[in-house]
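For reference, query_17.cif is printed below; it contains mmCIF, C-alpha atoms.
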data_model
#
loop_
_atom_site.label_atom_id
_atom_site.label_comp_id
_atom_site.auth_asym_id
_atom_site.auth_seq_id
_atom_site.Cartn_x
_atom_site.Cartn_y
_atom_site.Cartn_z
CA MET D 1 130.46 -23.41 42.79
CA LEU D 2 127.34 -23.19 44.97
CA ASP D 3 127.83 -19.45 45.47
CA LYS D 4 128.22 -18.87 41.74
CA VAL D 5 125.10 -20.87 40.91
CA ILE D 6 123.12 -19.05 43.59
CA SER D 7 124.36 -15.72 42.25
CA ILE D 8 123.12 -16.54 38.73
CA ILE D 9 119.76 -17.74 40.03
CA SER D 10 119.45 -14.69 42.28
CA GLU D 11 120.04 -12.35 39.35
CA TYR D 12 117.73 -14.26 37.00
CA GLN D 13 114.81 -14.48 39.39
CA ASP D 14 115.43 -11.27 41.36
CA ILE D 15 115.56 -13.10 44.68
CA PRO D 16 118.08 -12.14 47.40
CA ALA D 17 121.01 -14.57 47.26
CA ASP D 18 120.96 -15.12 51.01
CA THR D 19 117.48 -16.66 50.80
CA ILE D 20 118.56 -19.28 48.24
CA HIS D 21 120.04 -22.50 49.56
CA ALA D 22 121.36 -25.77 48.16
CA ASP D 23 118.06 -27.51 48.84
CA SER D 24 115.88 -24.72 47.38
CA HIS D 25 113.47 -26.15 44.81
CA LEU D 26 113.51 -24.19 41.56
CA VAL D 27 109.76 -24.39 40.96
CA ASN D 28 108.21 -24.79 44.40
CA ASP D 29 110.48 -22.42 46.33
CA LEU D 30 111.94 -20.03 43.79
CA GLY D 31 108.93 -19.64 41.48
CA PHE D 32 110.55 -20.84 38.26
CA THR D 33 108.29 -21.76 35.37
CA SER D 34 109.36 -24.50 32.95
CA TYR D 35 110.39 -21.76 30.54
CA ASP D 36 112.57 -20.19 33.25
CA VAL D 37 114.26 -23.54 33.94
CA VAL D 38 115.15 -24.08 30.28
CA SER D 39 116.27 -20.47 29.91
CA LEU D 40 118.40 -20.71 33.05
CA VAL D 41 120.08 -23.87 31.80
CA GLY D 42 121.25 -21.84 28.79
CA LYS D 43 122.87 -19.33 31.13
CA PHE D 44 124.76 -22.10 32.94
CA GLU D 45 125.88 -23.53 29.62
CA ASP D 46 127.34 -20.16 28.65
CA GLU D 47 128.82 -19.41 32.06
CA PHE D 48 130.50 -22.77 32.59
CA ASP D 49 131.07 -23.74 28.96
CA ILE D 50 129.16 -26.98 29.33
CA GLU D 51 126.36 -28.71 27.46
CA VAL D 52 123.27 -29.87 29.28
CA PRO D 53 121.37 -32.63 27.44
CA ASP D 54 117.58 -32.19 27.34
CA ARG D 55 117.08 -35.39 29.33
CA LYS D 56 119.12 -33.94 32.21
CA ILE D 57 116.99 -30.80 32.58
CA LYS D 58 114.14 -32.71 34.16
CA LEU D 59 116.54 -33.91 36.86
CA MET D 60 117.45 -30.36 37.87
CA LYS D 61 114.87 -29.80 40.57
CA THR D 62 116.98 -28.11 43.23
CA VAL D 63 119.95 -25.75 43.34
CA ASP D 64 122.09 -28.65 44.50
CA ASP D 65 121.05 -30.73 41.48
CA ILE D 66 122.45 -27.97 39.25
CA VAL D 67 125.65 -27.66 41.26
CA LYS D 68 126.28 -31.40 41.11
CA PHE D 69 125.66 -31.52 37.37
CA ILE D 70 128.02 -28.61 36.69
CA GLU D 71 130.71 -30.04 38.96
CA ALA D 72 130.55 -33.38 37.15
CA ALA D 73 130.48 -31.75 33.71
CA THR D 74 133.44 -29.46 34.39
CA GLU D 75 135.56 -32.27 35.87
CA GLU D 76 135.32 -34.31 32.67
CA MET Q 1 86.05 -24.17 31.03
CA ILE Q 2 89.00 -21.82 31.44
CA TYR Q 3 89.09 -19.33 34.30
CA LEU Q 4 91.55 -16.51 33.74
CA TYR Q 5 92.72 -13.62 35.89
CA ASP Q 6 95.03 -10.99 34.44
CA THR Q 7 94.46 -7.86 36.49
CA PHE Q 8 97.21 -8.80 38.86
CA GLU Q 9 98.03 -5.14 39.49
CA ASN Q 10 94.65 -4.82 41.24
CA TYR Q 11 95.17 -7.78 43.54
CA SER Q 12 95.87 -6.09 46.86
CA ASP Q 13 97.89 -7.42 49.75
CA GLU Q 14 94.69 -7.30 51.79
CA GLN Q 15 92.84 -9.55 49.30
CA TYR Q 16 95.82 -11.90 49.21
CA LEU Q 17 95.95 -12.23 52.99
CA LYS Q 18 92.21 -12.86 53.11
CA HIS Q 19 92.48 -15.56 50.45
CA LEU Q 20 95.58 -17.06 52.06
CA ALA Q 21 93.79 -17.40 55.40
CA SER Q 22 90.86 -19.14 53.70
CA LEU Q 23 92.99 -21.81 52.00
CA PRO Q 24 93.19 -25.36 53.33
CA ALA Q 25 96.40 -25.81 55.31
CA TRP Q 26 98.09 -28.03 52.68
CA ARG Q 27 97.67 -25.41 49.97
CA ARG Q 28 98.60 -22.51 52.22
CA GLU Q 29 101.81 -24.33 53.06
CA LYS Q 30 102.61 -24.74 49.37
CA ALA Q 31 101.96 -21.05 48.65
CA LEU Q 32 104.14 -19.97 51.55
CA GLN Q 33 107.02 -22.09 50.25
CA TYR Q 34 107.67 -19.44 47.61
CA LYS Q 35 110.33 -16.88 48.48
CA LYS Q 36 108.73 -13.98 46.63
CA LEU Q 37 105.42 -12.38 47.60
CA ASP Q 38 104.32 -12.16 43.95
CA ASP Q 39 104.83 -15.91 43.51
CA ARG Q 40 102.83 -16.56 46.68
CA LYS Q 41 100.05 -14.36 45.35
CA ARG Q 42 99.95 -16.21 42.02
CA SER Q 43 99.88 -19.57 43.76
CA VAL Q 44 96.99 -18.42 45.96
CA LEU Q 45 95.14 -16.95 42.98
CA ALA Q 46 95.49 -20.18 41.00
CA PHE Q 47 93.85 -22.10 43.82
CA VAL Q 48 91.13 -19.46 44.25
CA LEU Q 49 90.36 -19.79 40.53
CA LEU Q 50 90.15 -23.57 40.91
CA GLN Q 51 87.83 -23.24 43.92
CA ARG Q 52 85.59 -20.92 41.93
CA ALA Q 53 85.65 -23.07 38.80
CA LEU Q 54 84.75 -26.23 40.72
CA ARG Q 55 81.99 -24.40 42.57
CA GLU Q 56 80.47 -22.78 39.48
CA GLU Q 57 80.93 -25.66 37.04
CA TYR Q 58 80.44 -28.66 39.32
CA GLY Q 59 78.78 -27.34 42.49
CA MET Q 60 81.72 -28.44 44.63
CA THR Q 61 82.21 -26.56 47.88
CA GLU Q 62 85.56 -28.03 48.83
CA VAL Q 63 88.72 -28.83 46.91
CA PRO Q 64 90.28 -32.10 48.08
CA GLU Q 65 94.03 -32.28 48.54
CA PHE Q 66 95.78 -32.90 45.22
CA VAL Q 67 97.55 -36.12 44.42
CA TYR Q 68 100.48 -36.05 42.00
CA ASN Q 69 101.74 -38.48 39.40
CA GLU Q 70 105.45 -39.32 39.20
CA PHE Q 71 106.06 -36.34 36.91
CA GLY Q 72 104.25 -33.89 39.18
CA LYS Q 73 100.90 -33.63 37.40
CA PRO Q 74 98.22 -32.87 40.02
CA SER Q 75 94.77 -34.41 40.07
CA LEU Q 76 91.75 -34.65 42.36
CA PRO Q 77 91.60 -38.04 44.08
CA ASN Q 78 88.62 -40.28 43.31
CA LEU Q 79 86.82 -37.67 41.19
CA PRO Q 80 86.08 -37.91 37.45
CA LEU Q 81 87.28 -34.34 36.95
CA HIS Q 82 90.40 -32.93 35.41
CA PHE Q 83 92.11 -29.63 36.00
CA SER Q 84 95.25 -27.77 35.10
CA LEU Q 85 96.75 -24.64 36.62
CA SER Q 86 99.28 -22.21 35.24
CA HIS Q 87 100.62 -18.82 36.18
CA CYS Q 88 103.14 -16.36 34.86
CA LYS Q 89 104.06 -12.79 35.67
CA ASP Q 90 101.02 -11.38 33.93
CA ALA Q 91 98.21 -13.90 34.34
CA VAL Q 92 96.86 -16.85 36.28
CA ALA Q 93 94.79 -19.56 34.58
CA CYS Q 94 92.78 -22.59 35.65
CA ALA Q 95 91.18 -25.15 33.34
CA VAL Q 96 88.55 -27.65 34.52
CA SER Q 97 86.95 -30.36 32.43
CA ASP Q 98 85.25 -33.74 32.46
CA HIS Q 99 88.10 -34.81 30.19
CA ASN Q 100 91.87 -34.63 30.29
CA ILE Q 101 93.18 -31.09 29.90
CA GLY Q 102 96.43 -29.12 30.07
CA ILE Q 103 96.94 -25.37 30.16
CA ASP Q 104 99.91 -23.04 30.00
CA VAL Q 105 100.19 -19.29 30.24
CA GLU Q 106 103.46 -17.47 29.65
CA SER Q 107 104.49 -13.84 29.53
CA ILE Q 108 105.76 -12.67 26.17
CA VAL Q 109 109.48 -12.15 26.65
CA PRO Q 110 112.26 -11.28 24.19
CA TYR Q 111 113.01 -14.14 21.78
CA ASN Q 112 115.79 -16.38 23.05
CA PRO Q 113 117.30 -18.42 20.18
CA ASP Q 114 119.11 -20.73 22.62
CA VAL Q 115 115.83 -21.81 24.20
CA ALA Q 116 114.23 -22.07 20.76
CA ARG Q 117 116.98 -24.38 19.49
CA ARG Q 118 116.37 -26.63 22.44
CA ILE Q 119 112.63 -27.04 22.09
CA CYS Q 120 111.79 -26.50 18.40
CA THR Q 121 111.82 -28.78 15.41
CA ALA Q 122 113.81 -27.77 12.33
CA ALA Q 123 110.60 -26.64 10.64
CA GLU Q 124 109.61 -24.53 13.65
CA LEU Q 125 113.04 -22.92 13.78
CA GLU Q 126 112.75 -22.04 10.11
CA MET Q 127 109.31 -20.54 10.70
CA LEU Q 128 110.71 -18.46 13.56
CA GLU Q 129 113.65 -17.39 11.45
CA GLN Q 130 111.26 -15.90 8.92
CA SER Q 131 108.86 -14.46 11.48
CA ASP Q 132 108.46 -10.70 11.87
CA ASN Q 133 107.20 -11.25 15.38
CA LYS Q 134 109.56 -13.79 16.89
CA ASP Q 135 108.77 -12.92 20.51
CA VAL Q 136 105.08 -13.74 20.16
CA ASP Q 137 105.48 -16.64 17.74
CA PHE Q 138 108.02 -18.36 19.95
CA ILE Q 139 106.06 -17.98 23.17
CA LYS Q 140 102.98 -19.26 21.34
CA LEU Q 141 104.96 -22.37 20.35
CA TRP Q 142 106.23 -22.74 23.89
CA THR Q 143 102.75 -22.61 25.42
CA ILE Q 144 101.44 -25.12 22.88
CA LYS Q 145 104.19 -27.58 23.79
CA GLU Q 146 103.89 -26.95 27.51
CA ALA Q 147 100.08 -27.35 27.42
CA ILE Q 148 100.52 -30.65 25.54
CA SER Q 149 103.15 -31.73 28.04
CA LYS Q 150 100.79 -30.96 30.94
CA TYR Q 151 97.93 -32.70 29.13
CA GLU Q 152 100.11 -35.79 28.82
CA GLY Q 153 101.17 -35.41 32.46
CA LEU Q 154 104.86 -35.70 31.68
CA GLY Q 155 106.16 -32.19 32.43
CA LEU Q 156 109.68 -31.53 31.23
CA SER Q 157 110.17 -35.27 30.81
CA LEU Q 158 108.48 -34.92 27.44
CA GLN Q 159 111.08 -33.85 24.90
CA PHE Q 160 109.61 -30.64 23.56
CA ALA Q 161 111.34 -30.84 20.19
CA GLY Q 162 109.70 -34.20 19.64
CA ILE Q 163 106.15 -33.00 20.24
CA ASP Q 164 103.94 -33.18 17.17
CA ALA Q 165 101.39 -30.46 17.96
CA GLU Q 166 99.29 -31.50 14.95
CA LYS Q 167 98.23 -34.61 16.85
CA TYR Q 168 96.52 -32.60 19.58
CA ASN Q 169 93.56 -30.24 19.97
CA THR Q 170 94.97 -26.94 21.12
CA HIS Q 171 93.57 -23.46 21.33
CA THR Q 172 95.75 -20.38 21.80
CA GLN Q 173 94.87 -16.83 22.75
CA ILE Q 174 97.34 -13.97 22.74
CA CYS Q 175 96.74 -10.93 24.92
CA TYR Q 176 98.81 -8.17 23.32
CA GLU Q 177 97.69 -5.57 25.84
CA LYS Q 178 98.92 -7.56 28.84
CA LYS Q 179 101.68 -9.30 26.89
CA TYR Q 180 100.95 -12.93 27.59
CA CYS Q 181 99.96 -16.02 25.65
CA ILE Q 182 97.69 -18.85 26.82
CA THR Q 183 97.19 -22.27 25.26
CA VAL Q 184 94.88 -25.07 26.31
CA CYS Q 185 95.23 -28.67 25.12
CA TYR Q 186 91.97 -30.59 25.44
CA GLU Q 187 89.99 -33.60 24.27
CA ARG Q 188 86.65 -32.07 23.41
CA SER Q 189 85.77 -28.92 21.50
CA GLU Q 190 83.53 -27.20 24.05
CA ILE Q 191 86.15 -24.92 25.57
CA GLY Q 192 85.00 -21.58 26.97
CA PHE Q 193 86.82 -18.73 28.69
CA LYS Q 194 85.74 -16.81 31.77
CA LYS Q 195 87.90 -13.79 32.38
CA LEU Q 196 87.57 -12.60 35.95
CA SER Q 197 88.26 -9.07 37.06
CA VAL Q 198 87.62 -9.81 40.73
CA CYS Q 199 88.48 -12.97 42.58
#

Let me see the structure of the file written as structure tokens.
Amino acid sequence: MLDKVISIISEYQDIPADTIHADSHLVNDLGFTSYDVVSLVGKFEDEFDIEVPDRKIKLMKTVDDIVKFIEAATEE
Amino acid sequence: MIYLYDTFENYSDEQYLKHLASLPAWRREKALQYKKLDDRKRSVLAFVLLQRALREEYGMTEVPEFVYNEFGKPSLPNLPLHFSLSHCKDAVACAVSDHNIGIDVESIVPYNPDVARRICTAAELEMLEQSDNKDVDFIKLWTIKEAISKYEGLGLSLQFAGIDAEKYNTHTQICYEKKYCITVCYERSEIGFKKLSVC
């Protein structure tokens, strides 16, 4: 799951995948704007066939936050 | 006052390194956290704009280390001044004021209905549906909501679809040549723009 999430982020933000880690911060490390974060969430929704409530977006600060959310959502 | 820089293509690596070396250690560390050089440059430029704005508008020669609220809104400790920074691919902006202020600048990108559905009211979605220029109209809406969110100091915690923009003073400028949109949310009406070609 982590590799897939990193791959999507890498493609979206044009950052080499091997420089993105579980603890990478979307805004402070990877240069995401708020618009990018919301847009990226849409890509994860499509890719993993999940729904991310608005209130959960603010909790997605790091790559690992996204991975944990997707893992929980796809286990349900 | 709004300080704006949008000639990013002219910002050389040499200028960047000179600016980076001149930053206080805490800000240099933050800039160097970014993986991409362009993001580092924008972060440095945003701070350079703030330094210049505080010097020219308030006679300040040093920028104290920011403090942050629980939602990440930065402020200057123990000073009756407000500021807001924003950067996107095409521009960097800094707003300073005696009063609360929030600013957002975003590049104009292709309209994404999925993002729109998430952040727009039904009336806004209908307006976009009928728009002949969805790309610009949507990004304008986005910057208005983001500027309000930064003004309120709540970041993405504020539900964008629930924002009533009519309740706030906002001013938007669209730069068609450089393809970006900038909105400032402010308390008082005396907002001016200074567009800088050299930092």

### Query
Quick one: residues within 10 Å of Lys194 of chain Q, all atoms listed in the file counted, chain neighbours fewer than 5 positions away excluded, as a ChimeraX atom specification?
/Q:1-5,53,93-94

### Task
Show which residues sit within 10 Å of segment 54-64 of chain D, as a ChimeraX atom specification. Count only C-alpha atoms, and ignore same-chain residues fewer than 3 positions away.
/D:2,5-6,9,20-30,34,37-38,41,51,67-70 /Q:71,118-119,155-161

#### Entry: Interatomic distance (Å, one decimal) between atom CA of Tyr58 of chain Q and atom CA of Pro74 of chain Q
18.3 Å

Which residues of chain Q come within 12 Å of chain D, and what is each one's closest atom pair and distance in Å (one decimal), counting all atoms listed in the file, sorted by chain and residue number, as JSON lines?
{"residue": "Q:Arg27", "atom": "CA", "partner": "D:Asn28", "partner_atom": "CA", "distance": 11.9}
{"residue": "Q:Glu29", "atom": "CA", "partner": "D:Asn28", "partner_atom": "CA", "distance": 10.8}
{"residue": "Q:Lys30", "atom": "CA", "partner": "D:Asn28", "partner_atom": "CA", "distance": 7.5}
{"residue": "Q:Ala31", "atom": "CA", "partner": "D:Asn28", "partner_atom": "CA", "distance": 8.4}
{"residue": "Q:Leu32", "atom": "CA", "partner": "D:Asp29", "partner_atom": "CA", "distance": 8.6}
{"residue": "Q:Gln33", "atom": "CA", "partner": "D:Asp29", "partner_atom": "CA", "distance": 5.2}
{"residue": "Q:Tyr34", "atom": "CA", "partner": "D:Asp29", "partner_atom": "CA", "distance": 4.3}
{"residue": "Q:Lys35", "atom": "CA", "partner": "D:Leu30", "partner_atom": "CA", "distance": 5.9}
{"residue": "Q:Lys36", "atom": "CA", "partner": "D:Ile15", "partner_atom": "CA", "distance": 7.2}
{"residue": "Q:Leu37", "atom": "CA", "partner": "D:Gly31", "partner_atom": "CA", "distance": 10.1}
{"residue": "Q:Asp38", "atom": "CA", "partner": "D:Gly31", "partner_atom": "CA", "distance": 9.1}
{"residue": "Q:Asp39", "atom": "CA", "partner": "D:Gly31", "partner_atom": "CA", "distance": 5.9}
{"residue": "Q:Arg40", "atom": "CA", "partner": "D:Gly31", "partner_atom": "CA", "distance": 8.6}
{"residue": "Q:Lys41", "atom": "CA", "partner": "D:Gly31", "partner_atom": "CA", "distance": 11.0}
{"residue": "Q:Arg42", "atom": "CA", "partner": "D:Gly31", "partner_atom": "CA", "distance": 9.6}
{"residue": "Q:Ser43", "atom": "CA", "partner": "D:Gly31", "partner_atom": "CA", "distance": 9.3}
{"residue": "Q:Phe71", "atom": "CA", "partner": "D:Lys58", "partner_atom": "CA", "distance": 9.3}
{"residue": "Q:Gly72", "atom": "CA", "partner": "D:Val27", "partner_atom": "CA", "distance": 11.1}
{"residue": "Q:Leu85", "atom": "CA", "partner": "D:Thr33", "partner_atom": "CA", "distance": 12.0}
{"residue": "Q:Ser86", "atom": "CA", "partner": "D:Thr33", "partner_atom": "CA", "distance": 9.0}
{"residue": "Q:His87", "atom": "CA", "partner": "D:Thr33", "partner_atom": "CA", "distance": 8.3}
{"residue": "Q:Cys88", "atom": "CA", "partner": "D:Thr33", "partner_atom": "CA", "distance": 7.5}
{"residue": "Q:Lys89", "atom": "CA", "partner": "D:Thr33", "partner_atom": "CA", "distance": 9.9}
{"residue": "Q:Asp104", "atom": "CA", "partner": "D:Ser34", "partner_atom": "CA", "distance": 10.0}
{"residue": "Q:Val105", "atom": "CA", "partner": "D:Thr33", "partner_atom": "CA", "distance": 9.9}
{"residue": "Q:Glu106", "atom": "CA", "partner": "D:Tyr35", "partner_atom": "CA", "distance": 8.2}
{"residue": "Q:Ser107", "atom": "CA", "partner": "D:Tyr35", "partner_atom": "CA", "distance": 9.9}
{"residue": "Q:Ile108", "atom": "CA", "partner": "D:Tyr35", "partner_atom": "CA", "distance": 11.1}
{"residue": "Q:Val109", "atom": "CA", "partner": "D:Tyr35", "partner_atom": "CA", "distance": 10.4}
{"residue": "Q:Pro110", "atom": "CA", "partner": "D:Ser39", "partner_atom": "CA", "distance": 11.5}
{"residue": "Q:Tyr111", "atom": "CA", "partner": "D:Ser39", "partner_atom": "CA", "distance": 10.8}
{"residue": "Q:Asn112", "atom": "CA", "partner": "D:Ser39", "partner_atom": "CA", "distance": 8.0}
{"residue": "Q:Pro113", "atom": "CA", "partner": "D:Ser39", "partner_atom": "CA", "distance": 10.0}
{"residue": "Q:Asp114", "atom": "CA", "partner": "D:Gly42", "partner_atom": "CA", "distance": 6.6}
{"residue": "Q:Val115", "atom": "CA", "partner": "D:Ser39", "partner_atom": "CA", "distance": 5.9}
{"residue": "Q:Ala116", "atom": "CA", "partner": "D:Ser39", "partner_atom": "CA", "distance": 9.5}
{"residue": "Q:Arg117", "atom": "CA", "partner": "D:Gly42", "partner_atom": "CA", "distance": 10.5}
{"residue": "Q:Arg118", "atom": "CA", "partner": "D:Asp54", "partner_atom": "CA", "distance": 7.5}
{"residue": "Q:Ile119", "atom": "CA", "partner": "D:Asp54", "partner_atom": "CA", "distance": 8.9}
{"residue": "Q:Phe138", "atom": "CA", "partner": "D:Tyr35", "partner_atom": "CA", "distance": 11.4}
{"residue": "Q:Ile139", "atom": "CA", "partner": "D:Tyr35", "partner_atom": "CA", "distance": 9.3}
{"residue": "Q:Leu141", "atom": "CA", "partner": "D:Tyr35", "partner_atom": "CA", "distance": 11.6}
{"residue": "Q:Trp142", "atom": "CA", "partner": "D:Tyr35", "partner_atom": "CA", "distance": 7.9}
{"residue": "Q:Thr143", "atom": "CA", "partner": "D:Tyr35", "partner_atom": "CA", "distance": 9.2}
{"residue": "Q:Lys145", "atom": "CA", "partner": "D:Tyr35", "partner_atom": "CA", "distance": 10.9}
{"residue": "Q:Glu146", "atom": "CA", "partner": "D:Ser34", "partner_atom": "CA", "distance": 8.1}
{"residue": "Q:Ala147", "atom": "CA", "partner": "D:Ser34", "partner_atom": "CA", "distance": 11.2}
{"residue": "Q:Ser149", "atom": "CA", "partner": "D:Ser34", "partner_atom": "CA", "distance": 10.7}
{"residue": "Q:Lys150", "atom": "CA", "partner": "D:Ser34", "partner_atom": "CA", "distance": 10.9}
{"residue": "Q:Leu154", "atom": "CA", "partner": "D:Lys58", "partner_atom": "CA", "distance": 10.1}
{"residue": "Q:Gly155", "atom": "CA", "partner": "D:Lys58", "partner_atom": "CA", "distance": 8.2}
{"residue": "Q:Leu156", "atom": "CA", "partner": "D:Lys58", "partner_atom": "CA", "distance": 5.5}
{"residue": "Q:Ser157", "atom": "CA", "partner": "D:Lys58", "partner_atom": "CA", "distance": 5.8}
{"residue": "Q:Leu158", "atom": "CA", "partner": "D:Arg55", "partner_atom": "CA", "distance": 8.8}
{"residue": "Q:Gln159", "atom": "CA", "partner": "D:Asp54", "partner_atom": "CA", "distance": 7.1}
{"residue": "Q:Phe160", "atom": "CA", "partner": "D:Asp54", "partner_atom": "CA", "distance": 9.0}
{"residue": "Q:Ala161", "atom": "CA", "partner": "D:Asp54", "partner_atom": "CA", "distance": 9.6}
{"residue": "Q:Gly162", "atom": "CA", "partner": "D:Asp54", "partner_atom": "CA", "distance": 11.2}

Using the selection just defined, write its residues with C-alpha atoms as a tab-separated table (two decimals), in the frame of the given file.
chain	number	residue	atom	x	y	z
Q	27	ARG	CA	97.67	-25.41	49.97
Q	29	GLU	CA	101.81	-24.33	53.06
Q	30	LYS	CA	102.61	-24.74	49.37
Q	31	ALA	CA	101.96	-21.05	48.65
Q	32	LEU	CA	104.14	-19.97	51.55
Q	33	GLN	CA	107.02	-22.09	50.25
Q	34	TYR	CA	107.67	-19.44	47.61
Q	35	LYS	CA	110.33	-16.88	48.48
Q	36	LYS	CA	108.73	-13.98	46.63
Q	37	LEU	CA	105.42	-12.38	47.60
Q	38	ASP	CA	104.32	-12.16	43.95
Q	39	ASP	CA	104.83	-15.91	43.51
Q	40	ARG	CA	102.83	-16.56	46.68
Q	41	LYS	CA	100.05	-14.36	45.35
Q	42	ARG	CA	99.95	-16.21	42.02
Q	43	SER	CA	99.88	-19.57	43.76
Q	71	PHE	CA	106.06	-36.34	36.91
Q	72	GLY	CA	104.25	-33.89	39.18
Q	85	LEU	CA	96.75	-24.64	36.62
Q	86	SER	CA	99.28	-22.21	35.24
Q	87	HIS	CA	100.62	-18.82	36.18
Q	88	CYS	CA	103.14	-16.36	34.86
Q	89	LYS	CA	104.06	-12.79	35.67
Q	104	ASP	CA	99.91	-23.04	30.00
Q	105	VAL	CA	100.19	-19.29	30.24
Q	106	GLU	CA	103.46	-17.47	29.65
Q	107	SER	CA	104.49	-13.84	29.53
Q	108	ILE	CA	105.76	-12.67	26.17
Q	109	VAL	CA	109.48	-12.15	26.65
Q	110	PRO	CA	112.26	-11.28	24.19
Q	111	TYR	CA	113.01	-14.14	21.78
Q	112	ASN	CA	115.79	-16.38	23.05
Q	113	PRO	CA	117.30	-18.42	20.18
Q	114	ASP	CA	119.11	-20.73	22.62
Q	115	VAL	CA	115.83	-21.81	24.20
Q	116	ALA	CA	114.23	-22.07	20.76
Q	117	ARG	CA	116.98	-24.38	19.49
Q	118	ARG	CA	116.37	-26.63	22.44
Q	119	ILE	CA	112.63	-27.04	22.09
Q	138	PHE	CA	108.02	-18.36	19.95
Q	139	ILE	CA	106.06	-17.98	23.17
Q	141	LEU	CA	104.96	-22.37	20.35
Q	142	TRP	CA	106.23	-22.74	23.89
Q	143	THR	CA	102.75	-22.61	25.42
Q	145	LYS	CA	104.19	-27.58	23.79
Q	146	GLU	CA	103.89	-26.95	27.51
Q	147	ALA	CA	100.08	-27.35	27.42
Q	149	SER	CA	103.15	-31.73	28.04
Q	150	LYS	CA	100.79	-30.96	30.94
Q	154	LEU	CA	104.86	-35.70	31.68
Q	155	GLY	CA	106.16	-32.19	32.43
Q	156	LEU	CA	109.68	-31.53	31.23
Q	157	SER	CA	110.17	-35.27	30.81
Q	158	LEU	CA	108.48	-34.92	27.44
Q	159	GLN	CA	111.08	-33.85	24.90
Q	160	PHE	CA	109.61	-30.64	23.56
Q	161	ALA	CA	111.34	-30.84	20.19
Q	162	GLY	CA	109.70	-34.20	19.64

### Coordinates-based distance that separates atom CA of Pro80 of chain Q from atom CA of Ile163 of chain Q (Å, one decimal)
26.9 Å

### Among listed residues Q:Asp6, Q:Asp137, Q:Asp90, Q:Glu70, nearest Leu49 of chain Q (using all atoms listed in the file)
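Residue with the minimum atom-to-atom distance to Leu49 of chain Q: Q:Asp6.
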
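Candidate residues Q:Lys73, Q:Trp26, Q:Ser84, Q:Tyr176 were compared for distance to Asn133 of chain Q, and the nearest is Q:Tyr176, using all atoms listed in the file.
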
### Residues matched by the PyMOL selection byres ((chain Q and resi 97) around 12), written as an NGL selection string
:Q and (1-3 or 50 or 53-54 or 57-58 or 75-76 or 79-84 or 94-96 or 98-103 or 151 or 184-192)

Selection above as a file: C-alpha atoms, as a compact mmCIF listing (two decimals), in the frame of the given file:
# COMPACT_ATOMS: atom_id res chain seq x y z
CA MET Q 1 86.05 -24.17 31.03
CA ILE Q 2 89.00 -21.82 31.44
CA TYR Q 3 89.09 -19.33 34.30
CA LEU Q 50 90.15 -23.57 40.91
CA ALA Q 53 85.65 -23.07 38.80
CA LEU Q 54 84.75 -26.23 40.72
CA GLU Q 57 80.93 -25.66 37.04
CA TYR Q 58 80.44 -28.66 39.32
CA SER Q 75 94.77 -34.41 40.07
CA LEU Q 76 91.75 -34.65 42.36
CA LEU Q 79 86.82 -37.67 41.19
CA PRO Q 80 86.08 -37.91 37.45
CA LEU Q 81 87.28 -34.34 36.95
CA HIS Q 82 90.40 -32.93 35.41
CA PHE Q 83 92.11 -29.63 36.00
CA SER Q 84 95.25 -27.77 35.10
CA CYS Q 94 92.78 -22.59 35.65
CA ALA Q 95 91.18 -25.15 33.34
CA VAL Q 96 88.55 -27.65 34.52
CA ASP Q 98 85.25 -33.74 32.46
CA HIS Q 99 88.10 -34.81 30.19
CA ASN Q 100 91.87 -34.63 30.29
CA ILE Q 101 93.18 -31.09 29.90
CA GLY Q 102 96.43 -29.12 30.07
CA ILE Q 103 96.94 -25.37 30.16
CA TYR Q 151 97.93 -32.70 29.13
CA VAL Q 184 94.88 -25.07 26.31
CA CYS Q 185 95.23 -28.67 25.12
CA TYR Q 186 91.97 -30.59 25.44
CA GLU Q 187 89.99 -33.60 24.27
CA ARG Q 188 86.65 -32.07 23.41
CA SER Q 189 85.77 -28.92 21.50
CA GLU Q 190 83.53 -27.20 24.05
CA ILE Q 191 86.15 -24.92 25.57
CA GLY Q 192 85.00 -21.58 26.97

### Task
Figure out the distance between atom CA of Pro24 of chain Q and atom CA of Tyr180 of chain Q, please, to one decimal in Å.
29.6 Å

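Candidate residues Q:Glu126, Q:Glu9, Q:Glu166, Q:Glu62 were compared for distance to Ser22 of chain Q, and the nearest is Q:Glu62, using only C-alpha atoms.
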
Complete the atoms of segment 22-28 of chain D to N, CA and C atoms and put them out as an mmCIF file, in the frame of the given file.
data_model
loop_
_atom_site.group_PDB
_atom_site.id
_atom_site.type_symbol
_atom_site.label_atom_id
_atom_site.label_comp_id
_atom_site.auth_asym_id
_atom_site.auth_seq_id
_atom_site.Cartn_x
_atom_site.Cartn_y
_atom_site.Cartn_z
ATOM 1 N N ALA D 22 121.104 -24.592 48.998
ATOM 2 C CA ALA D 22 121.360 -25.770 48.160
ATOM 3 C C ALA D 22 120.093 -26.594 47.952
ATOM 4 N N ASP D 23 119.263 -26.668 48.980
ATOM 5 C CA ASP D 23 118.060 -27.510 48.840
ATOM 6 C C ASP D 23 116.840 -26.726 48.334
ATOM 7 N N SER D 24 117.020 -25.491 47.921
ATOM 8 C CA SER D 24 115.880 -24.720 47.380
ATOM 9 C C SER D 24 115.392 -25.373 46.088
ATOM 10 N N HIS D 25 114.079 -25.538 46.001
ATOM 11 C CA HIS D 25 113.470 -26.150 44.810
ATOM 12 C C HIS D 25 113.175 -25.045 43.796
ATOM 13 N N LEU D 26 113.619 -25.258 42.556
ATOM 14 C CA LEU D 26 113.510 -24.190 41.560
ATOM 15 C C LEU D 26 112.063 -23.754 41.345
ATOM 16 N N VAL D 27 111.155 -24.711 41.248
ATOM 17 C CA VAL D 27 109.760 -24.390 40.960
ATOM 18 C C VAL D 27 108.991 -24.052 42.238
ATOM 19 N N ASN D 28 109.063 -24.941 43.209
ATOM 20 C CA ASN D 28 108.210 -24.790 44.400
ATOM 21 C C ASN D 28 108.673 -23.717 45.369
#
